[in-house]
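Okay, input-v2.cif is below, mmCIF, C-alpha atoms:
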data_upload
loop_
_atom_site.label_atom_id
_atom_site.label_comp_id
_atom_site.auth_asym_id
_atom_site.auth_seq_id
_atom_site.Cartn_x
_atom_site.Cartn_y
_atom_site.Cartn_z
CA MET A 7 -2.16 -3.77 9.11
CA ALA A 8 0.65 -3.29 11.62
CA THR A 9 0.75 -1.12 14.73
CA VAL A 10 3.37 0.63 16.83
CA GLN A 11 3.00 2.29 20.23
CA VAL A 12 4.46 5.73 20.93
CA GLY A 13 3.91 7.15 24.41
CA GLY A 14 0.54 5.48 24.78
CA VAL A 15 -0.61 6.34 21.25
CA GLU A 16 -1.27 3.35 18.99
CA ILE A 17 -0.41 4.05 15.35
CA ALA A 18 -1.72 1.80 12.60
CA TYR A 19 -0.11 1.47 9.21
CA ASP A 20 -0.40 -0.58 6.04
CA ARG A 21 2.64 -2.34 4.62
CA VAL A 22 2.69 -4.06 1.24
CA GLY A 23 5.33 -5.31 -1.16
CA GLN A 24 9.04 -5.91 -0.91
CA GLY A 25 12.07 -3.80 -1.68
CA PRO A 26 13.34 -0.41 -0.54
CA PRO A 27 10.95 1.27 1.93
CA LEU A 28 8.64 4.00 0.66
CA VAL A 29 6.75 5.63 3.54
CA LEU A 30 3.75 7.87 2.79
CA ALA A 31 1.98 10.44 4.98
CA HIS A 32 -1.58 11.53 4.13
CA GLY A 33 -3.16 14.97 4.22
CA ALA A 34 -5.60 16.56 6.67
CA GLY A 35 -8.94 14.80 6.81
CA ASP A 36 -7.48 11.71 5.13
CA ALA A 37 -6.12 8.34 6.18
CA ALA A 38 -3.85 5.64 4.75
CA ARG A 39 -6.56 4.75 2.23
CA ILE A 40 -5.80 7.91 0.23
CA TRP A 41 -2.65 6.13 -0.97
CA ARG A 42 -4.52 3.19 -2.50
CA PRO A 43 -3.12 3.73 -6.04
CA GLN A 44 0.41 3.83 -4.65
CA LEU A 45 -0.05 0.84 -2.35
CA THR A 46 -1.24 -1.23 -5.29
CA GLY A 47 0.87 0.35 -8.02
CA LEU A 48 4.32 0.43 -6.43
CA ALA A 49 4.40 -2.70 -4.26
CA ASP A 50 6.04 -4.69 -7.05
CA GLU A 51 9.29 -2.82 -6.43
CA PHE A 52 9.03 -1.18 -3.00
CA THR A 53 7.91 -1.88 0.53
CA VAL A 54 5.12 0.69 0.52
CA VAL A 55 4.02 1.91 3.96
CA ALA A 56 1.07 4.26 4.56
CA TRP A 57 0.19 5.30 8.08
CA ASP A 58 -2.99 6.44 9.77
CA GLU A 59 -1.53 9.35 11.68
CA PRO A 60 -2.48 9.78 15.36
CA GLY A 61 -6.13 10.80 15.49
CA ALA A 62 -6.98 9.36 12.06
CA GLY A 63 -8.20 6.08 10.60
CA ARG A 64 -7.43 3.09 12.80
CA SER A 65 -5.00 4.95 15.08
CA SER A 66 -5.65 6.23 18.61
CA ASP A 67 -7.28 9.56 19.33
CA LEU A 68 -5.04 12.59 19.28
CA PRO A 69 -3.68 13.46 22.75
CA ALA A 70 -4.27 16.97 24.02
CA GLY A 71 -1.53 19.43 23.17
CA PHE A 72 -0.09 17.32 20.34
CA THR A 73 2.50 19.29 18.37
CA LEU A 74 3.91 19.08 14.87
CA ALA A 75 7.09 17.63 16.37
CA ASP A 76 4.98 14.93 18.08
CA TYR A 77 3.54 13.93 14.70
CA ALA A 78 7.05 13.79 13.26
CA LEU A 79 8.39 11.60 16.05
CA CYS A 80 5.44 9.22 15.66
CA LEU A 81 6.24 8.91 11.97
CA ALA A 82 9.84 8.21 12.93
CA ALA A 83 8.61 5.35 15.10
CA VAL A 84 6.76 3.85 12.14
CA ILE A 85 9.90 3.96 9.98
CA GLU A 86 11.90 2.32 12.76
CA ASP A 87 9.19 -0.32 13.22
CA VAL A 88 9.34 -1.20 9.52
CA GLY A 89 13.00 -1.94 10.15
CA LEU A 90 14.44 -1.54 6.67
CA GLY A 91 16.69 1.42 7.34
CA PRO A 92 16.39 4.92 5.90
CA ALA A 93 13.31 5.30 3.72
CA HIS A 94 12.05 7.25 0.79
CA VAL A 95 9.55 9.40 2.71
CA GLY A 96 6.68 11.19 1.01
CA GLY A 97 3.84 13.41 2.14
CA LEU A 98 0.81 14.99 0.50
CA SER A 99 -0.37 18.44 1.60
CA TRP A 100 -0.38 18.47 5.45
CA GLY A 101 1.48 15.17 5.26
CA GLY A 102 4.35 16.90 3.51
CA THR A 103 4.60 19.38 6.37
CA VAL A 104 4.80 16.44 8.79
CA VAL A 105 7.49 14.82 6.64
CA LEU A 106 9.55 18.01 6.62
CA GLU A 107 9.33 18.11 10.40
CA LEU A 108 10.47 14.48 10.50
CA TYR A 109 13.54 15.53 8.52
CA ARG A 110 14.20 18.33 11.01
CA HIS A 111 14.23 15.92 13.97
CA ARG A 112 15.36 12.58 12.50
CA PRO A 113 17.19 13.15 9.21
CA GLU A 114 19.05 9.85 9.51
CA LEU A 115 15.76 8.03 8.80
CA VAL A 116 15.24 9.79 5.46
CA LYS A 117 16.92 8.58 2.28
CA THR A 118 14.97 10.93 0.00
CA LEU A 119 12.01 13.27 0.34
CA LEU A 120 8.92 13.23 -1.89
CA LEU A 121 6.80 16.33 -1.35
CA ALA A 122 3.44 16.42 -3.12
CA ASP A 123 1.24 19.53 -3.30
CA THR A 124 2.43 20.57 0.12
CA TYR A 125 3.53 23.55 2.20
CA ALA A 126 6.35 24.64 4.48
CA GLY A 127 3.39 25.29 6.76
CA TRP A 128 0.71 27.72 5.64
CA LYS A 129 2.62 30.58 7.27
CA GLY A 130 5.74 29.45 5.44
CA SER A 131 4.16 29.14 2.00
CA LEU A 132 1.06 31.33 1.66
CA PRO A 133 0.39 35.09 1.85
CA PRO A 134 -0.81 36.25 5.29
CA GLU A 135 -4.22 37.21 3.96
CA GLU A 136 -4.74 33.71 2.54
CA VAL A 137 -3.71 32.15 5.86
CA ALA A 138 -6.21 34.39 7.67
CA LEU A 139 -9.00 33.32 5.29
CA ARG A 140 -8.19 29.64 5.83
CA VAL A 141 -8.06 30.01 9.60
CA GLU A 142 -11.46 31.71 9.58
CA GLY A 143 -12.86 28.94 7.38
CA ALA A 144 -11.43 26.30 9.72
CA ARG A 145 -13.02 27.99 12.73
CA ARG A 146 -16.41 28.01 11.02
CA MET A 147 -16.00 24.35 10.09
CA LEU A 148 -15.12 23.38 13.66
CA ALA A 149 -17.77 25.50 15.39
CA VAL A 150 -20.72 23.35 14.29
CA PRO A 151 -22.21 20.49 16.35
CA PRO A 152 -20.68 17.06 15.65
CA GLU A 153 -23.72 15.92 13.67
CA GLU A 154 -23.26 18.85 11.26
CA PHE A 155 -19.49 18.60 10.90
CA ASP A 156 -18.29 18.42 7.27
CA PRO A 157 -14.51 18.04 6.88
CA THR A 158 -14.46 18.59 3.11
CA LEU A 159 -12.00 21.32 2.13
CA PRO A 160 -12.52 23.37 -1.03
CA GLY A 161 -10.31 23.06 -4.09
CA LEU A 162 -9.00 19.53 -3.56
CA PHE A 163 -9.51 18.47 -7.18
CA ALA A 164 -9.38 20.11 -10.58
CA GLY A 165 -13.05 19.66 -11.40
CA GLU A 166 -14.81 16.66 -9.92
CA PRO A 167 -12.93 13.91 -8.04
CA PRO A 168 -12.27 10.75 -10.04
CA PRO A 169 -15.51 8.74 -9.80
CA GLU A 170 -13.74 5.49 -8.92
CA TYR A 171 -12.47 7.09 -5.70
CA VAL A 172 -15.66 8.85 -4.60
CA PRO A 173 -16.87 5.97 -2.34
CA MET A 174 -13.48 5.89 -0.62
CA LEU A 175 -13.42 9.68 -0.20
CA ASP A 176 -16.95 9.65 1.24
CA ALA A 177 -16.02 6.88 3.68
CA MET A 178 -12.92 8.75 4.84
CA ALA A 179 -14.92 11.95 5.32
CA ARG A 180 -17.41 10.12 7.55
CA ASP A 181 -14.53 8.86 9.71
CA VAL A 182 -12.81 12.23 10.25
CA ARG A 183 -12.63 13.23 13.91
CA GLN A 184 -13.48 16.87 14.51
CA ALA A 185 -10.74 17.36 17.11
CA THR A 186 -8.11 15.91 14.77
CA MET A 187 -9.11 18.16 11.90
CA GLY A 188 -8.95 21.18 14.16
CA ALA A 189 -5.49 20.29 15.40
CA GLN A 190 -4.17 19.64 11.89
CA LEU A 191 -5.45 22.90 10.42
CA LEU A 192 -4.36 25.10 13.30
CA LEU A 193 -0.89 23.54 13.43
CA MET A 194 -0.60 24.02 9.68
CA ALA A 195 -1.63 27.67 10.00
CA GLU A 196 1.15 28.36 12.51
CA ALA A 197 3.91 26.32 10.88
CA ASP A 198 6.75 28.06 9.06
CA GLN A 199 9.50 25.69 7.93
CA ARG A 200 11.31 28.00 5.52
CA ASP A 201 14.40 27.88 7.72
CA LEU A 202 14.62 24.12 7.19
CA LEU A 203 14.48 24.02 3.39
CA PRO A 204 18.07 25.14 2.62
CA GLN A 205 19.35 22.61 5.15
CA ILE A 206 17.82 19.58 3.41
CA GLY A 207 20.69 17.34 2.39
CA VAL A 208 18.87 14.54 0.59
CA PRO A 209 17.47 14.41 -2.97
CA THR A 210 13.94 15.80 -3.02
CA LEU A 211 11.17 15.14 -5.52
CA LEU A 212 8.46 17.78 -5.83
CA LEU A 213 5.22 16.39 -7.28
CA TRP A 214 2.62 19.02 -8.07
CA GLY A 215 -0.77 19.11 -9.73
CA GLU A 216 -0.70 21.64 -12.55
CA LEU A 217 -4.09 23.01 -11.46
CA ASP A 218 -3.58 22.90 -7.69
CA VAL A 219 -5.35 25.93 -6.20
CA ARG A 220 -4.70 25.08 -2.54
CA SER A 221 -0.92 24.91 -2.92
CA PRO A 222 -0.31 26.64 -6.25
CA LEU A 223 2.71 26.07 -8.43
CA GLU A 224 4.34 29.19 -6.99
CA VAL A 225 4.75 27.21 -3.76
CA ALA A 226 6.48 24.42 -5.66
CA ARG A 227 8.80 26.97 -7.28
CA ALA A 228 9.70 28.34 -3.86
CA PHE A 229 10.58 24.83 -2.66
CA GLU A 230 12.62 24.27 -5.82
CA ALA A 231 14.58 27.48 -5.23
CA ALA A 232 15.23 26.80 -1.54
CA ILE A 233 16.11 23.07 -1.41
CA PRO A 234 19.59 22.32 -2.78
CA ASP A 235 18.87 19.06 -4.68
CA THR A 236 15.36 19.06 -6.14
CA GLU A 237 13.45 17.72 -9.10
CA LEU A 238 10.02 19.18 -9.91
CA VAL A 239 7.44 17.10 -11.77
CA VAL A 240 4.22 18.88 -12.73
CA LEU A 241 1.23 16.60 -13.33
CA PRO A 242 -0.96 17.99 -16.14
CA GLY A 243 -4.64 18.43 -15.39
CA ALA A 244 -4.32 17.41 -11.73
CA GLY A 245 -5.38 19.38 -8.68
CA HIS A 246 -4.28 19.26 -5.05
CA VAL A 247 -4.84 15.53 -4.50
CA SER A 248 -2.63 14.68 -7.43
CA ASN A 249 -1.94 11.09 -6.38
CA LEU A 250 -5.61 10.29 -7.04
CA GLN A 251 -6.21 12.59 -9.99
CA ALA A 252 -3.11 11.50 -11.94
CA PRO A 253 -2.12 8.20 -10.28
CA GLU A 254 -0.25 6.66 -13.19
CA ARG A 255 1.93 9.71 -13.81
CA PHE A 256 2.38 10.15 -10.06
CA ASN A 257 3.56 6.55 -9.66
CA GLN A 258 5.84 6.76 -12.69
CA ALA A 259 7.56 9.81 -11.27
CA VAL A 260 7.96 8.22 -7.83
CA ARG A 261 9.31 4.99 -9.30
CA ALA A 262 11.86 6.75 -11.52
CA PHE A 263 13.04 9.02 -8.69
CA CYS A 264 13.43 6.23 -6.15
CA ARG A 265 15.22 4.02 -8.67
CA ALA A 266 17.66 6.85 -9.34
CA HIS A 267 18.42 7.16 -5.62
CA ARG A 268 18.65 3.58 -4.42
#
Output the file's structure as structure tokens, nothing else.
Amino acid sequence: MATVQVGGVEIAYDRVGQGPPLVLAHGAGDAARIWRPQLTGLADEFTVVAWDEPGAGRSSDLPAGFTLADYALCLAAVIEDVGLGPAHVGGLSWGGTVVLELYRHRPELVKTLLLADTYAGWKGSLPPEEVALRVEGARRMLAVPPEEFDPTLPGLFAGEPPPEYVPMLDAMARDVRQATMGAQLLLMAEADQRDLLPQIGVPTLLLWGELDVRSPLEVARAFEAAIPDTELVVLPGAGHVSNLQAPERFNQAVRAFCRAHR
């Protein structure tokens, strides 16, 4: 584990392997551990970096008033701390929204983008009625006492989660901070990054679970239409957390894409 300080916030990240940097941002309610199959499966060819975003995992609590841009600038600090130049930068779900915001503010740090089952913000990718339903669900989730808080979101997997990852998923759920989850979901609800997509000037890989119900394939198609240089890989049988439900195919696609854009 390594750490970097940004404005009083300590950010922890894992770094394994050698080679071109591949930096990964996790989803809401997750931590660096969600990238275990990528940390182990891609370190033979890449320097794989997975952060615990502010307010998650081993990182400091989330400061009051933290914005999406603040998340992005903290991720920029991690990439600079790794010190290997522009990186292949990937994000899953909420993490993809953070990665897009990184590109908005610090495009020189991004060699390619890898967007997995993500959104241009909920407002930017989902119908208004779906956003309203999710906001109401988030408010109910956050209104309970701490001892009753359950951060599990519906529809993360197609069917049951892979049994080998259930202990890890349970451990991450126990570690989720209620304030962090609230900030993530409410920022996601308000974000609309559609203006950014046509301006993306780096190759972009879209990785999508075929059976994702949280960010359906129509969202991927919208990204594909809006971003100038994209490649869409659909992972058969996988849901929203496609890096865990189809890790071998996910890693193969990432490896091939990054090799093609060294």
request  = Go through the shown structure with the PyMOL selection byres ((chain A and resi 205) around 10) and write out the matching residues as JSON, numbers by chain.
outcome  = {"A": [109, 110, 200, 201, 202, 203, 204, 206, 207, 208, 232, 233, 234]}
key: Residue with smallest distance to Pro26 (chain A) - pool A:Cys264, A:Leu98, A:Val104, A:Arg140, counting all atoms listed in the file   = A:Cys264
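Nearest residue to Asp76 (chain A), choosing from A:Pro92, A:Gly47, A:Gly33, A:Gly13 and counting only C-alpha atoms: A:Gly13.
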Need to verify the contact set: region 124-135 of chain A, 6 Å, only C-alpha atoms, exclusion of same-chain residues closer than 4 positions in sequence. Can you return it as a PDB file with C-alpha atoms, keeping the file's coordinate frame?
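Dumped everything to result-v8.pdb:
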ATOM      1  CA  LEU A  98       0.810  14.990   0.500  1.00  0.00           C
ATOM      2  CA  SER A  99      -0.370  18.440   1.600  1.00  0.00           C
ATOM      3  CA  GLY A 102       4.350  16.900   3.510  1.00  0.00           C
ATOM      4  CA  THR A 103       4.600  19.380   6.370  1.00  0.00           C
ATOM      5  CA  MET A 194      -0.600  24.020   9.680  1.00  0.00           C
ATOM      6  CA  ALA A 195      -1.630  27.670  10.000  1.00  0.00           C
ATOM      7  CA  GLU A 196       1.150  28.360  12.510  1.00  0.00           C
ATOM      8  CA  ALA A 197       3.910  26.320  10.880  1.00  0.00           C
ATOM      9  CA  ASP A 198       6.750  28.060   9.060  1.00  0.00           C
ATOM     10  CA  GLN A 199       9.500  25.690   7.930  1.00  0.00           C
ATOM     11  CA  ARG A 200      11.310  28.000   5.520  1.00  0.00           C
TER      12      ARG A 200
END
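Compared by their closest atoms to Ala62 (chain A), and using all atoms listed in the file, the residues A:Val88, A:Met178, A:Val137, A:Val95 rank with A:Met178 nearest.
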What would region 213-231 of chain A look like with N, CA, C and O atoms in place, written as a PDB file, in the coordinates of the input?
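Below is the file that was written, out.pdb:
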ATOM      1  N   LEU A 213       6.299  16.863  -6.409  1.00  0.00           N
ATOM      2  CA  LEU A 213       5.220  16.390  -7.280  1.00  0.00           C
ATOM      3  C   LEU A 213       4.046  17.337  -7.119  1.00  0.00           C
ATOM      4  O   LEU A 213       3.494  17.461  -6.017  1.00  0.00           O
ATOM      5  N   TRP A 214       3.640  17.982  -8.207  1.00  0.00           N
ATOM      6  CA  TRP A 214       2.620  19.020  -8.070  1.00  0.00           C
ATOM      7  C   TRP A 214       1.562  18.902  -9.167  1.00  0.00           C
ATOM      8  O   TRP A 214       1.889  18.717 -10.341  1.00  0.00           O
ATOM      9  N   GLY A 215       0.299  19.012  -8.758  1.00  0.00           N
ATOM     10  CA  GLY A 215      -0.770  19.110  -9.730  1.00  0.00           C
ATOM     11  C   GLY A 215      -0.707  20.456 -10.445  1.00  0.00           C
ATOM     12  O   GLY A 215      -0.606  21.507  -9.809  1.00  0.00           O
ATOM     13  N   GLU A 216      -0.774  20.418 -11.756  1.00  0.00           N
ATOM     14  CA  GLU A 216      -0.700  21.640 -12.550  1.00  0.00           C
ATOM     15  C   GLU A 216      -1.781  22.649 -12.150  1.00  0.00           C
ATOM     16  O   GLU A 216      -1.552  23.865 -12.168  1.00  0.00           O
ATOM     17  N   LEU A 217      -2.948  22.150 -11.753  1.00  0.00           N
ATOM     18  CA  LEU A 217      -4.090  23.010 -11.460  1.00  0.00           C
ATOM     19  C   LEU A 217      -4.390  23.091  -9.970  1.00  0.00           C
ATOM     20  O   LEU A 217      -5.511  23.406  -9.577  1.00  0.00           O
ATOM     21  N   ASP A 218      -3.400  22.820  -9.145  1.00  0.00           N
ATOM     22  CA  ASP A 218      -3.580  22.900  -7.690  1.00  0.00           C
ATOM     23  C   ASP A 218      -3.874  24.351  -7.292  1.00  0.00           C
ATOM     24  O   ASP A 218      -3.057  25.240  -7.543  1.00  0.00           O
ATOM     25  N   VAL A 219      -5.025  24.579  -6.669  1.00  0.00           N
ATOM     26  CA  VAL A 219      -5.350  25.930  -6.200  1.00  0.00           C
ATOM     27  C   VAL A 219      -5.122  26.079  -4.702  1.00  0.00           C
ATOM     28  O   VAL A 219      -5.081  27.202  -4.190  1.00  0.00           O
ATOM     29  N   ARG A 220      -4.964  24.984  -3.982  1.00  0.00           N
ATOM     30  CA  ARG A 220      -4.700  25.080  -2.540  1.00  0.00           C
ATOM     31  C   ARG A 220      -3.225  25.329  -2.263  1.00  0.00           C
ATOM     32  O   ARG A 220      -2.869  26.090  -1.368  1.00  0.00           O
ATOM     33  N   SER A 221      -2.368  24.652  -2.997  1.00  0.00           N
ATOM     34  CA  SER A 221      -0.920  24.910  -2.920  1.00  0.00           C
ATOM     35  C   SER A 221      -0.435  25.159  -4.346  1.00  0.00           C
ATOM     36  O   SER A 221       0.040  24.235  -5.012  1.00  0.00           O
ATOM     37  N   PRO A 222      -0.588  26.374  -4.837  1.00  0.00           N
ATOM     38  CA  PRO A 222      -0.310  26.640  -6.250  1.00  0.00           C
ATOM     39  C   PRO A 222       1.146  26.389  -6.628  1.00  0.00           C
ATOM     40  O   PRO A 222       2.026  26.249  -5.775  1.00  0.00           O
ATOM     41  N   LEU A 223       1.367  26.363  -7.927  1.00  0.00           N
ATOM     42  CA  LEU A 223       2.710  26.070  -8.430  1.00  0.00           C
ATOM     43  C   LEU A 223       3.764  27.047  -7.928  1.00  0.00           C
ATOM     44  O   LEU A 223       4.944  26.700  -7.860  1.00  0.00           O
ATOM     45  N   GLU A 224       3.356  28.279  -7.545  1.00  0.00           N
ATOM     46  CA  GLU A 224       4.340  29.190  -6.990  1.00  0.00           C
ATOM     47  C   GLU A 224       4.980  28.627  -5.725  1.00  0.00           C
ATOM     48  O   GLU A 224       6.138  28.893  -5.416  1.00  0.00           O
ATOM     49  N   VAL A 225       4.202  27.844  -4.962  1.00  0.00           N
ATOM     50  CA  VAL A 225       4.750  27.210  -3.760  1.00  0.00           C
ATOM     51  C   VAL A 225       5.804  26.182  -4.152  1.00  0.00           C
ATOM     52  O   VAL A 225       6.882  26.101  -3.552  1.00  0.00           O
ATOM     53  N   ALA A 226       5.505  25.399  -5.173  1.00  0.00           N
ATOM     54  CA  ALA A 226       6.480  24.420  -5.660  1.00  0.00           C
ATOM     55  C   ALA A 226       7.757  25.112  -6.110  1.00  0.00           C
ATOM     56  O   ALA A 226       8.871  24.642  -5.835  1.00  0.00           O
ATOM     57  N   ARG A 227       7.614  26.249  -6.798  1.00  0.00           N
ATOM     58  CA  ARG A 227       8.800  26.970  -7.280  1.00  0.00           C
ATOM     59  C   ARG A 227       9.632  27.481  -6.107  1.00  0.00           C
ATOM     60  O   ARG A 227      10.871  27.507  -6.176  1.00  0.00           O
ATOM     61  N   ALA A 228       8.966  27.885  -5.042  1.00  0.00           N
ATOM     62  CA  ALA A 228       9.700  28.340  -3.860  1.00  0.00           C
ATOM     63  C   ALA A 228      10.472  27.188  -3.222  1.00  0.00           C
ATOM     64  O   ALA A 228      11.624  27.364  -2.788  1.00  0.00           O
ATOM     65  N   PHE A 229       9.855  26.005  -3.154  1.00  0.00           N
ATOM     66  CA  PHE A 229      10.580  24.830  -2.660  1.00  0.00           C
ATOM     67  C   PHE A 229      11.779  24.541  -3.560  1.00  0.00           C
ATOM     68  O   PHE A 229      12.885  24.260  -3.078  1.00  0.00           O
ATOM     69  N   GLU A 230      11.559  24.593  -4.862  1.00  0.00           N
ATOM     70  CA  GLU A 230      12.620  24.270  -5.820  1.00  0.00           C
ATOM     71  C   GLU A 230      13.801  25.219  -5.658  1.00  0.00           C
ATOM     72  O   GLU A 230      14.966  24.808  -5.760  1.00  0.00           O
ATOM     73  N   ALA A 231      13.516  26.487  -5.393  1.00  0.00           N
ATOM     74  CA  ALA A 231      14.580  27.480  -5.230  1.00  0.00           C
ATOM     75  C   ALA A 231      15.326  27.316  -3.912  1.00  0.00           C
ATOM     76  O   ALA A 231      16.520  27.632  -3.829  1.00  0.00           O
TER      77      ALA A 231
END
